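Shown below: final03.txt, with compact mmCIF, C-alpha atoms.
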# COMPACT_ATOMS: atom_id res chain seq x y z
CA MET N 1 -38.20 -1.30 22.15
CA ARG N 2 -38.36 -3.12 25.48
CA SER N 3 -41.47 -5.15 25.97
CA PRO N 4 -42.63 -5.28 29.60
CA LYS N 5 -43.38 -9.00 29.31
CA SER N 6 -40.16 -9.82 27.53
CA GLY N 7 -38.32 -12.80 28.98
CA LYS N 8 -34.76 -13.97 28.49
CA LYS N 9 -33.39 -16.62 26.19
CA LEU N 10 -30.08 -18.28 25.59
CA VAL N 11 -28.30 -17.67 22.32
CA TYR N 12 -25.12 -19.13 20.84
CA ILE N 13 -22.09 -17.02 19.98
CA SER N 14 -18.51 -17.71 18.99
CA GLU N 15 -16.54 -18.20 22.19
CA ASP N 16 -13.68 -16.04 21.02
CA LEU N 17 -15.97 -13.13 20.14
CA LEU N 18 -17.79 -13.41 23.45
CA ASN N 19 -14.47 -13.30 25.31
CA ASN N 20 -13.48 -10.17 23.38
CA ILE N 21 -16.79 -8.51 24.11
CA SER N 22 -16.48 -9.46 27.77
CA GLU N 23 -13.05 -7.76 27.89
CA ILE N 24 -14.44 -4.59 26.29
CA SER N 25 -17.41 -4.42 28.68
CA LYS N 26 -15.03 -4.84 31.65
CA LYS N 27 -12.83 -1.99 30.41
CA LYS N 28 -15.90 0.19 30.05
CA GLY N 29 -17.03 -0.74 33.55
CA GLU N 30 -20.34 -2.15 32.31
CA SER N 31 -21.88 -5.54 33.02
CA ILE N 32 -21.55 -7.87 30.04
CA THR N 33 -25.31 -8.49 29.98
CA LYS N 34 -26.07 -4.78 29.75
CA TYR N 35 -23.32 -4.21 27.18
CA ILE N 36 -24.58 -7.03 24.94
CA GLU N 37 -28.15 -5.85 25.29
CA ASP N 38 -27.10 -2.35 24.13
CA LEU N 39 -25.23 -3.82 21.16
CA LEU N 40 -28.21 -5.88 20.07
CA GLU N 41 -30.59 -2.95 20.47
CA GLN N 42 -28.32 -0.78 18.35
CA ALA N 43 -28.15 -3.49 15.70
CA VAL N 44 -31.95 -3.62 15.53
CA ARG N 45 -32.12 0.20 15.29
CA ILE N 46 -29.57 0.18 12.48
CA ASP N 47 -31.52 -2.43 10.57
CA ARG N 48 -34.70 -0.34 10.93
CA LEU N 49 -32.79 2.55 9.39
CA GLY N 50 -32.37 0.38 6.32
CA PHE N 51 -28.71 -0.60 6.60
CA ARG N 52 -27.10 -4.02 6.99
CA SER N 53 -24.78 -4.67 9.93
CA GLU N 54 -21.87 -5.59 7.63
CA ASP N 55 -22.20 -2.18 5.90
CA LEU N 56 -21.73 -0.35 9.18
CA ALA N 57 -18.00 0.23 8.94
CA ASP N 58 -18.28 1.37 5.31
CA ILE N 59 -21.14 3.77 6.00
CA LEU N 60 -19.23 5.16 8.92
CA GLU N 61 -16.38 5.81 6.52
CA VAL N 62 -18.72 7.52 4.07
CA ILE N 63 -19.91 9.87 6.79
CA HIS N 64 -16.28 10.48 7.71
CA VAL N 65 -15.44 11.25 4.06
CA GLN N 66 -18.33 13.70 3.87
CA ARG N 67 -17.26 15.47 7.03
CA THR N 68 -13.61 15.57 5.93
CA LEU N 69 -14.29 16.89 2.44
CA GLY N 70 -17.08 19.23 3.54
CA GLY N 71 -20.40 17.64 2.62
CA THR N 72 -23.64 19.48 3.01
CA PHE N 73 -27.31 18.55 2.64
CA VAL N 74 -28.85 19.92 -0.52
CA PRO N 75 -32.53 20.01 -1.53
CA LEU N 76 -32.70 17.79 -4.62
CA ASP N 77 -35.33 19.92 -6.39
CA VAL N 78 -33.19 23.03 -6.05
CA LEU N 79 -30.13 21.11 -7.25
CA ASN N 80 -31.99 19.88 -10.34
CA SER N 81 -33.28 23.35 -11.08
CA ALA N 82 -29.80 24.89 -10.64
CA ILE N 83 -28.27 22.23 -12.90
CA ASP N 84 -30.86 22.92 -15.59
CA THR N 85 -30.41 26.69 -15.31
CA GLY N 86 -26.64 26.88 -15.26
CA SER N 87 -25.61 23.67 -17.00
CA ASN N 88 -23.09 25.43 -19.27
CA GLY N 89 -20.53 26.17 -16.63
CA LEU N 90 -21.18 23.26 -14.31
CA SER N 91 -19.69 20.29 -16.05
CA GLU N 92 -16.12 21.13 -15.07
CA LYS N 93 -17.14 21.80 -11.45
CA TRP N 94 -18.73 18.35 -11.14
CA TYR N 95 -15.66 16.77 -12.68
CA GLU N 96 -13.31 18.57 -10.28
CA SER N 97 -15.49 17.67 -7.32
CA GLY N 98 -15.41 14.02 -8.40
CA ARG N 99 -11.62 14.14 -8.76
CA LEU N 100 -11.28 15.39 -5.21
CA TYR N 101 -13.35 12.45 -3.96
CA GLY N 102 -11.42 10.01 -6.15
CA ARG N 103 -8.02 11.14 -4.91
CA TYR N 104 -9.13 11.01 -1.32
CA LEU N 105 -10.74 7.57 -1.66
CA LYS N 106 -7.66 6.18 -3.38
CA ALA N 107 -5.41 7.47 -0.62
CA ARG N 108 -7.61 6.22 2.20
CA PHE N 109 -9.24 2.95 1.14
CA ASN N 110 -8.01 -0.43 -0.09
CA ASP N 111 -11.02 -0.79 -2.37
CA PRO N 112 -11.85 2.81 -3.40
CA VAL N 113 -14.22 1.75 -6.21
CA ASN N 114 -16.42 -0.07 -3.75
CA VAL N 115 -16.42 2.94 -1.41
CA LEU N 116 -17.37 5.18 -4.36
CA LYS N 117 -20.33 2.88 -5.02
CA LEU N 118 -21.34 3.11 -1.38
CA LEU N 119 -20.77 6.85 -1.39
CA LEU N 120 -23.09 7.22 -4.38
CA ARG N 121 -25.71 5.08 -2.64
CA VAL N 122 -25.50 7.08 0.58
CA MET N 123 -25.13 10.53 -1.00
CA ARG N 124 -27.47 10.05 -3.93
CA TRP N 125 -30.44 8.17 -2.60
CA ASP N 126 -32.45 9.56 -5.49
CA LEU N 127 -30.69 6.86 -7.52
CA ASN N 128 -32.68 3.64 -7.68
CA GLU N 129 -29.67 1.53 -8.62
CA VAL N 130 -25.93 1.99 -8.34
CA ASP N 131 -23.67 -0.75 -9.69
CA ALA N 132 -19.90 -0.80 -9.91
CA VAL N 133 -18.59 -4.04 -11.38
CA GLN N 134 -14.83 -4.58 -11.19
CA GLU N 135 -13.21 -7.07 -13.55
CA CYS N 136 -9.42 -7.32 -13.73
CA HIS N 137 -8.37 -3.76 -14.51
CA SER N 138 -11.75 -2.54 -15.70
CA VAL N 139 -14.67 -0.99 -13.84
CA ALA N 140 -18.19 -0.60 -15.21
CA ILE N 141 -20.49 1.82 -13.39
CA ARG N 142 -24.21 2.12 -13.89
CA CYS N 143 -26.62 4.49 -12.13
CA VAL N 144 -30.34 4.39 -12.74
CA SER N 145 -32.96 6.79 -11.45
CA THR N 146 -36.46 7.58 -12.58
CA SER N 147 -36.03 11.16 -11.30
CA LEU N 148 -32.70 11.89 -12.99
CA THR N 149 -33.01 14.72 -15.54
CA LYS N 150 -30.88 14.82 -18.70
CA ALA N 151 -28.71 17.61 -17.29
CA GLY N 152 -28.60 15.85 -13.91
CA ALA N 153 -27.39 12.64 -15.58
CA ALA N 154 -24.67 14.57 -17.44
CA SER N 155 -23.50 16.16 -14.16
CA LEU N 156 -23.49 12.82 -12.35
CA SER N 157 -21.55 11.27 -15.21
CA LYS N 158 -18.92 14.03 -14.95
CA PHE N 159 -18.70 13.51 -11.20
CA ILE N 160 -18.14 9.76 -11.63
CA GLU N 161 -15.60 10.34 -14.40
CA GLY N 162 -13.71 12.81 -12.19
CA ALA N 163 -13.74 10.35 -9.27
CA MET N 164 -12.47 7.48 -11.43
CA HIS N 165 -9.75 9.65 -12.98
CA GLY N 166 -8.78 10.71 -9.46
CA MET N 167 -8.39 7.02 -8.60
CA GLY N 168 -6.10 6.44 -11.57
CA TYR N 169 -8.51 5.13 -14.22
CA ARG N 170 -9.09 6.35 -17.76
CA THR N 171 -12.47 6.55 -19.48
CA GLU N 172 -13.30 3.80 -21.97
CA CYS N 173 -16.89 4.75 -22.63
CA GLU N 174 -19.41 7.17 -21.19
CA GLU N 175 -23.09 7.49 -21.89
CA SER N 176 -25.65 9.54 -20.05
CA MET N 177 -29.26 10.24 -20.80
CA LYS N 178 -32.42 11.03 -18.87
CA GLY N 179 -32.67 8.44 -16.10
CA ILE N 180 -29.40 6.59 -16.62
CA VAL N 181 -25.62 6.92 -16.55
CA ILE N 182 -23.42 4.12 -17.90
CA CYS N 183 -19.65 4.37 -18.05
CA SER N 184 -16.61 2.12 -18.04
CA PHE N 185 -13.01 2.74 -17.08
CA ARG N 186 -9.64 1.01 -17.26
CA ALA N 187 -6.75 1.36 -14.83
CA GLU N 188 -4.05 3.71 -16.19
CA ASP N 189 -1.27 1.32 -15.25
CA ALA N 190 -2.93 -1.78 -16.76
CA MET G 1 -15.44 -16.48 11.69
CA VAL G 2 -12.73 -16.08 14.31
CA ASP G 3 -13.43 -19.23 16.33
CA GLU G 4 -15.91 -22.03 15.84
CA ARG G 5 -16.19 -22.98 19.52
CA ARG G 6 -19.50 -21.74 20.83
CA LYS G 7 -20.77 -20.37 24.09
CA THR G 8 -24.17 -19.17 25.14
CA PHE G 9 -25.28 -15.91 26.64
CA VAL G 10 -28.60 -14.67 27.93
CA ALA G 11 -30.42 -11.94 26.00
CA ARG G 12 -33.84 -10.37 25.96
CA GLU G 13 -36.34 -12.47 24.06
CA ASP G 14 -37.87 -9.52 22.15
CA LEU G 15 -34.43 -8.47 20.91
CA LEU G 16 -33.62 -11.98 19.80
CA ARG G 17 -36.95 -12.22 17.99
CA ALA G 18 -36.19 -8.98 16.11
CA LEU G 19 -32.69 -10.21 15.27
CA ALA G 20 -34.01 -13.55 14.09
CA GLU G 21 -36.29 -11.68 11.67
CA ILE G 22 -33.37 -9.59 10.42
CA ALA G 23 -31.28 -12.75 9.99
CA LYS G 24 -34.09 -14.39 8.03
CA GLU G 25 -34.49 -11.35 5.76
CA ASN G 26 -30.76 -11.49 5.00
CA GLY G 27 -30.74 -15.25 4.48
CA LYS G 28 -28.50 -15.82 7.50
CA SER G 29 -28.73 -17.74 10.74
CA LEU G 30 -29.22 -15.98 14.07
CA TYR G 31 -25.78 -17.27 15.07
CA GLU G 32 -24.13 -15.60 12.03
CA THR G 33 -26.02 -12.35 12.56
CA VAL G 34 -25.15 -12.06 16.25
CA ASN G 35 -21.52 -12.87 15.48
CA GLU G 36 -21.44 -10.10 12.85
CA ILE G 37 -22.85 -7.63 15.36
CA PHE G 38 -20.16 -8.59 17.85
CA GLU G 39 -17.43 -8.43 15.21
CA SER G 40 -18.53 -4.89 14.25
CA ALA G 41 -18.63 -3.88 17.91
CA ILE G 42 -15.06 -5.16 18.44
CA LEU G 43 -13.85 -3.31 15.33
CA PHE G 44 -15.55 -0.08 16.37
CA ASN G 45 -14.14 -0.39 19.85
CA LYS G 46 -10.62 -0.76 18.40
CA ALA G 47 -11.21 2.33 16.27
CA ASP G 48 -12.61 4.17 19.30
CA VAL G 49 -15.90 4.76 17.49
CA LYS G 50 -19.02 5.50 19.50
CA MET G 51 -22.02 3.55 18.22
CA ASP G 52 -24.45 6.13 19.58
CA ALA G 53 -22.76 8.84 17.53
CA ILE G 54 -22.97 6.69 14.40
CA LEU G 55 -26.64 6.04 14.99
CA GLU G 56 -27.26 9.75 15.35
CA ASP G 57 -25.54 10.34 12.01
CA TYR G 58 -27.53 7.51 10.41
CA GLU G 59 -30.76 8.97 11.70
CA LYS G 60 -29.79 12.41 10.43
CA ILE G 61 -29.07 10.96 6.99
CA LYS G 62 -32.31 9.03 6.98
CA SER G 63 -34.34 12.12 7.90
CA ALA G 64 -32.58 14.13 5.20
CA LYS G 65 -33.29 11.39 2.68
CA GLU G 66 -36.97 11.35 3.56
CA ALA G 67 -37.08 15.15 3.36
CA GLY G 68 -35.70 15.17 -0.20
CA TYR G 69 -32.09 16.17 0.39
CA ILE G 70 -28.94 14.65 -1.02
CA LEU G 71 -25.36 15.07 0.14
CA CYS G 72 -23.09 17.24 -1.95
CA LEU G 73 -19.71 18.87 -1.43
CA GLU G 74 -20.21 22.31 0.04
CA ASN G 75 -17.84 24.06 -2.37
CA LEU G 76 -19.46 22.39 -5.39
CA TRP G 77 -22.89 23.36 -4.08
CA SER G 78 -21.73 26.98 -3.65
CA GLU G 79 -20.46 27.05 -7.21
CA ILE G 80 -23.64 25.46 -8.57
CA ASN G 81 -25.64 28.17 -6.85
CA GLU G 82 -23.35 30.95 -8.05
CA ILE G 83 -23.53 29.73 -11.65
CA ALA G 84 -27.31 29.23 -11.54
CA TYR G 85 -27.73 32.66 -9.95
CA ARG G 86 -25.55 34.34 -12.57
CA ALA G 87 -27.41 32.55 -15.38
CA SER G 88 -30.84 33.52 -14.10
CA PRO G 89 -31.23 35.20 -10.70
CA ALA G 90 -35.03 35.16 -10.93
CA GLU G 91 -35.17 31.43 -11.66
CA ALA G 92 -32.68 30.57 -8.92
CA ILE G 93 -34.60 32.66 -6.37
CA ALA G 94 -37.93 31.13 -7.44
CA SER G 95 -36.50 27.63 -7.14
CA TRP G 96 -35.26 28.26 -3.59
CA ARG G 97 -38.50 29.98 -2.65
CA ASN G 98 -40.49 26.97 -3.89
CA ALA G 99 -38.26 24.63 -1.88
CA GLY G 100 -39.07 26.70 1.22
CA ILE G 101 -42.79 26.55 0.49
CA TRP G 102 -42.58 22.80 0.01
CA LEU G 103 -40.68 22.34 3.27
CA ALA G 104 -43.27 24.32 5.26
CA LYS G 105 -46.22 22.53 3.70
CA ARG G 106 -44.64 19.14 4.35
CA HIS G 107 -44.14 19.95 8.03
CA VAL G 108 -47.58 21.47 8.52
CA ALA G 109 -49.13 18.36 6.97
CA GLY G 110 -46.91 15.96 8.90
CA HIS G 111 -46.97 17.71 12.28
CA PRO G 112 -50.18 19.73 12.58
CA VAL G 113 -49.19 20.50 16.17
CA GLY G 114 -45.60 21.50 16.77
CA TYR G 115 -44.61 21.95 13.14
CA LEU G 116 -42.40 24.92 14.03
CA ASP G 117 -40.27 22.67 16.21
CA SER G 118 -39.95 20.09 13.45
CA ILE G 119 -39.08 22.81 10.90
CA LYS G 120 -36.43 24.13 13.26
CA ASP G 121 -34.99 20.61 13.65
CA GLU G 122 -34.83 20.12 9.89
CA LEU G 123 -33.17 23.49 9.34
CA ALA G 124 -30.61 22.68 12.02
CA CYS G 125 -29.89 19.36 10.31
CA SER G 126 -29.79 20.59 6.72
CA LEU G 127 -27.83 23.76 7.49
CA TRP G 128 -25.05 21.86 9.27
CA ASN G 129 -22.52 24.10 7.49
CA ALA G 130 -23.98 27.22 9.14
CA SER G 131 -22.10 28.26 12.24
CA GLU G 132 -25.25 29.54 13.91
CA LEU G 133 -28.96 29.13 13.35
CA SER G 134 -31.66 30.57 15.56
CA MET G 135 -35.38 30.39 15.02
CA LYS G 136 -37.62 32.02 17.58
CA TRP G 137 -41.34 32.45 17.57
CA ASP G 138 -43.97 33.93 19.74
CA ALA G 139 -47.20 31.96 19.53
CA GLN G 140 -49.24 34.81 21.00
CA GLY G 141 -48.10 37.52 18.65
CA GLY G 142 -47.59 35.21 15.70
CA GLU G 143 -44.07 36.41 14.99
CA ILE G 144 -41.08 34.41 13.79
CA GLU G 145 -37.49 35.53 13.61
CA ILE G 146 -34.82 33.44 11.87
CA ASN G 147 -31.14 34.27 11.95
CA VAL G 148 -28.45 32.32 10.13
CA LEU G 149 -24.73 32.96 10.37
CA ALA G 150 -22.68 31.14 7.75
CA PRO G 151 -19.32 32.82 7.15
CA ARG G 152 -18.69 30.87 3.94
CA PHE G 153 -21.93 32.02 2.28
CA SER G 154 -21.50 34.55 -0.52
CA ARG G 155 -23.99 37.36 -0.91
CA SER G 156 -25.92 35.51 -3.59
CA GLN G 157 -26.05 32.30 -1.53
CA SER G 158 -27.40 34.32 1.39
CA GLU G 159 -30.00 35.85 -0.89
CA LEU G 160 -31.06 32.38 -2.06
CA LEU G 161 -31.34 31.13 1.51
CA ALA G 162 -33.36 34.26 2.41
CA SER G 163 -35.74 33.43 -0.46
CA PHE G 164 -36.03 29.88 0.84
CA LEU G 165 -36.95 31.14 4.31
CA GLU G 166 -39.32 33.71 2.82
CA GLY G 167 -41.10 30.94 0.89
CA MET G 168 -41.31 28.94 4.09
CA LEU G 169 -42.88 31.83 6.01
CA SER G 170 -45.41 32.52 3.29
CA ALA G 171 -46.51 28.86 3.27
CA LEU G 172 -47.02 29.18 7.02
CA GLY G 173 -49.40 32.06 6.34
CA LEU G 174 -47.04 34.76 7.57
CA SER G 175 -46.22 38.01 5.88
CA LEU G 176 -42.64 39.06 5.54
CA ASN G 177 -41.92 41.78 8.07
CA GLY G 178 -38.23 42.11 7.38
CA LYS G 179 -35.48 40.54 5.32
CA GLU G 180 -31.77 41.25 5.54
CA PHE G 181 -28.93 39.33 3.97
CA GLY G 182 -25.32 39.78 3.03
CA SER G 183 -22.14 37.72 2.80
CA GLY G 184 -22.36 35.25 5.66
CA PHE G 185 -25.67 36.21 7.22
CA VAL G 186 -29.44 36.04 6.72
CA ARG G 187 -32.21 37.43 8.88
CA VAL G 188 -35.91 37.15 8.13
CA LEU G 189 -38.91 38.20 10.18
CA GLY G 190 -42.42 36.94 9.64
CA ALA G 191 -45.63 38.06 11.27
CA ARG G 192 -49.20 36.96 11.10
CA GLN G 193 -51.71 39.55 9.94
CA LYS G 194 -53.65 41.23 12.76
CA ALA G 195 -56.93 39.67 11.76
CA GLN G 196 -55.35 36.22 11.91
CA ILE G 197 -53.79 36.77 15.35
CA GLU G 198 -57.12 37.70 16.87
CA GLY G 199 -58.67 34.42 15.88
CA GLU G 200 -56.07 31.78 16.57
CA SER G 201 -52.62 31.04 17.84
CA LEU G 202 -49.87 30.32 15.37
CA GLU G 203 -49.38 26.64 16.20
CA LYS G 204 -53.08 25.83 15.98
CA SER G 205 -53.81 27.65 12.78

Translate this file's structure into structure tokens.
Amino acid sequence: MRSPKSGKKLVYISEDLLNNISEISKKKGESITKYIEDLLEQAVRIDRLGFRSEDLADILEVIHVQRTLGGTFVPLDVLNSAIDTGSNGLSEKWYESGRLYGRYLKARFNDPVNVLKLLLRVMRWDLNEVDAVQECHSVAIRCVSTSLTKAGAASLSKFIEGAMHGMGYRTECEESMKGIVICSFRAEDA
Amino acid sequence: MVDERRKTFVAREDLLRALAEIAKENGKSLYETVNEIFESAILFNKADVKMDAILEDYEKIKSAKEAGYILCLENLWSEINEIAYRASPAEAIASWRNAGIWLAKRHVAGHPVGYLDSIKDELACSLWNASELSMKWDAQGGEIEINVLAPRFSRSQSELLASFLEGMLSALGLSLNGKEFGSGFVRVLGARQKAQIEGESLEKS
């Protein structure tokens, strides 16, 4: 990261933020210059990992959710094969798993639908697109993936339905096919 | 923004150049981007969150993504495996075995030297629900021993993991010298054939 010939430059910052950062660095017993340099380096590293700085807090929450609920890394090929092999008994399991997420997200977050969207993006990077559009009391969710099998799409749809029911929504429409899941929900109390 | 009054601070030029590029990519000014970084740092400090720990998690997730994993609830994953195993044990075992073969081939291609270390790292990352994982090898004798302790694994899950490791060993050109599994544990041993050992060491083969 550090270039041997790198010089120094002045940069503007909000005075209030700089004062806050200065307080924090003092409490940590670090020089403000070193502390800021570490922060900026971390920000560059995070960007190289493909995240935006404003997503940081949310992604941190997603990792926390995964650790709290017991997430594990799963080889996608094996998952797809298992879904295809045992699809008969799996639908309910995906739904129940989604419900658990939904209940937890509703209890913990102010905007659980948005966290679900982020969760799907972070957990299911095989999905090319994840959209969750909220309008008044309705939510429309769309997931697109070129690698999503028919059975995989049905499982994902059940997971989303379970999560939304866990958050207090009812299903208005649900459609899943190879490569795409589209569903919409309405708040129970609307 | 909390306050519009501005101050200046001194920062490394290379870092500022990188941040200016990031700001441009996101359609923001450098001022906005740096402020956002500071705002996040203040929030994390209030929540007593260590940025280094987050970065480690990010990097773990990124590696898993690149290696073809997704995140799934452990209990759902266990049930998926149980149901798939009950429906067709042979297919479930073959699928896990193929995943092991694929993992080994990917590492051998990506790290011609030191692939055993990178395989070990990936196993440690992907089996984060195992309470213990050990992978030892002896480059001279061409032997590998892998032990996994995972108290929550059922017998069938252990068998599937054993098949995965067996597939991995076979793709590394090793014959299976021993395989044991049961609820909560897996142990596999791989060894290179005598003729192979005489010619080359394991890492260089």

List as CSV every residue of chain G that is in contact with chain N, defined as an atom at most 6 Å from one of its atoms (using all atoms listed in the file), together with the nearest atom pair and the distance in Å rounded to one decimal, sorted by chain and then rising number.
residue,atom,partner,partner_atom,distance
G:Asp3,CA,N:Asp16,CA,5.7
G:Glu4,CA,N:Ser14,CA,5.9
G:Arg5,CA,N:Glu15,CA,5.5
G:Arg6,CA,N:Ser14,CA,4.5
G:Lys7,CA,N:Glu15,CA,5.1
G:Thr8,CA,N:Tyr12,CA,4.4
G:Phe9,CA,N:Leu10,CA,5.5
G:Val10,CA,N:Leu10,CA,4.5
G:Ala11,CA,N:Lys8,CA,5.4
G:Arg12,CA,N:Lys8,CA,4.5
G:Glu13,CA,N:Lys8,CA,4.9
G:Asp14,CA,N:Ser6,CA,5.9
G:Gly68,CA,N:Pro75,CA,5.9
G:Tyr69,CA,N:Pro75,CA,4.3
G:Ile70,CA,N:Val74,CA,5.3
G:Leu71,CA,N:Met123,CA,4.7
G:Cys72,CA,N:Gly71,CA,5.3
G:Leu73,CA,N:Gly71,CA,4.3
G:Glu74,CA,N:Gly71,CA,5.3
G:Ile83,CA,N:Gly86,CA,5.6
G:Ala84,CA,N:Gly86,CA,4.5
G:Ala87,CA,N:Gly86,CA,5.7
G:Ser95,CA,N:Val78,CA,5.8
G:Ser126,CA,N:Phe73,CA,5.2

Seminar exercise, completed: From CA of Ser138 (chain N) to CA of Ile160 (chain N) the spacing works out at 14.4 Å

For this session: In Å, rounded to a single decimal, give me how far CA of Gly190 (chain G) is from CA of Arg106 (chain G).
Result: 18.7 Å

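Nearest-residue note for Ser78 (chain G): choosing from G:His107, G:Arg192, G:Arg97, G:Arg152, the minimum distance belongs to G:Arg152, counting all atoms listed in the file.
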
Problem set entry | Who sits within 12 Å of Lys50 (chain G), all atoms listed in the file, same chain under 4 positions skipped, as number ranges by chain | N: 39, 42, 57, 60; G: 40-46, 54-57

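Neighbours of Gly102 (chain N) closer than or equal to 10 Å, with all atoms listed in the file counted and sequence neighbours fewer than 4 positions away skipped, come out as N:Glu96, N:Ser97, N:Gly98, N:Lys106, N:Ala107, N:Arg108, N:Pro112, N:Val113, N:Val115, N:Leu116, N:Phe159, N:Ile160, N:Glu161, N:Gly162, N:Ala163, N:Met164, N:His165, N:Gly166, N:Met167, N:Gly168, N:Tyr169.
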
Output file for the selection above: C-alpha atoms, as a PDB file, in the frame of the given file:
ATOM      1  CA  GLU N  96     -13.310  18.570 -10.280  1.00  0.00           C
ATOM      2  CA  SER N  97     -15.490  17.670  -7.320  1.00  0.00           C
ATOM      3  CA  GLY N  98     -15.410  14.020  -8.400  1.00  0.00           C
ATOM      4  CA  LYS N 106      -7.660   6.180  -3.380  1.00  0.00           C
ATOM      5  CA  ALA N 107      -5.410   7.470  -0.620  1.00  0.00           C
ATOM      6  CA  ARG N 108      -7.610   6.220   2.200  1.00  0.00           C
ATOM      7  CA  PRO N 112     -11.850   2.810  -3.400  1.00  0.00           C
ATOM      8  CA  VAL N 113     -14.220   1.750  -6.210  1.00  0.00           C
ATOM      9  CA  VAL N 115     -16.420   2.940  -1.410  1.00  0.00           C
ATOM     10  CA  LEU N 116     -17.370   5.180  -4.360  1.00  0.00           C
ATOM     11  CA  PHE N 159     -18.700  13.510 -11.200  1.00  0.00           C
ATOM     12  CA  ILE N 160     -18.140   9.760 -11.630  1.00  0.00           C
ATOM     13  CA  GLU N 161     -15.600  10.340 -14.400  1.00  0.00           C
ATOM     14  CA  GLY N 162     -13.710  12.810 -12.190  1.00  0.00           C
ATOM     15  CA  ALA N 163     -13.740  10.350  -9.270  1.00  0.00           C
ATOM     16  CA  MET N 164     -12.470   7.480 -11.430  1.00  0.00           C
ATOM     17  CA  HIS N 165      -9.750   9.650 -12.980  1.00  0.00           C
ATOM     18  CA  GLY N 166      -8.780  10.710  -9.460  1.00  0.00           C
ATOM     19  CA  MET N 167      -8.390   7.020  -8.600  1.00  0.00           C
ATOM     20  CA  GLY N 168      -6.100   6.440 -11.570  1.00  0.00           C
ATOM     21  CA  TYR N 169      -8.510   5.130 -14.220  1.00  0.00           C
TER      22      TYR N 169
END

Please, what is the axis-aligned box for every listed atom of region 172-177 of chain G with 3 Å on each side, as centre and edge lengths in Å to one decimal, as JSON?
{"center_x": -45.7, "center_y": 35.5, "center_z": 6.8, "size_x": 13.5, "size_y": 18.6, "size_z": 8.5}

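Picture a line from CA of Ser134 (chain G) to CA of Pro112 (chain G); it runs 21.7 Å.
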
Problem set entry | Contacts of region 147-152 of chain N at 6 Å (all atoms listed in the file; same-chain gap of 2+ positions) as a list of chain:residue names | N:Asp84, N:Ser145, N:Ala154, N:Ser155, N:Met177, N:Lys178, N:Gly179

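With all atoms listed in the file as the basis for measurement, G:Gly178 is the residue among G:Gly167, G:Gly178, G:Gly110, G:Gly173 that approaches Glu145 (chain G) most closely.
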
For this session: Considering only C-alpha atoms, state which residue in the set G:Lys105, G:Phe185, G:Ser170, G:Asn177 is at the smallest distance from Leu133 (chain G).
Result: G:Phe185

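Using all atoms listed in the file, the residues found no farther than 10 Å from Ser154 (chain G), other than those of its own chain fewer than 5 positions away, are Ser78, Asn81, Glu82, Glu159, Leu160, Phe181, Gly182, Ser183, Gly184 and Phe185 of chain G.
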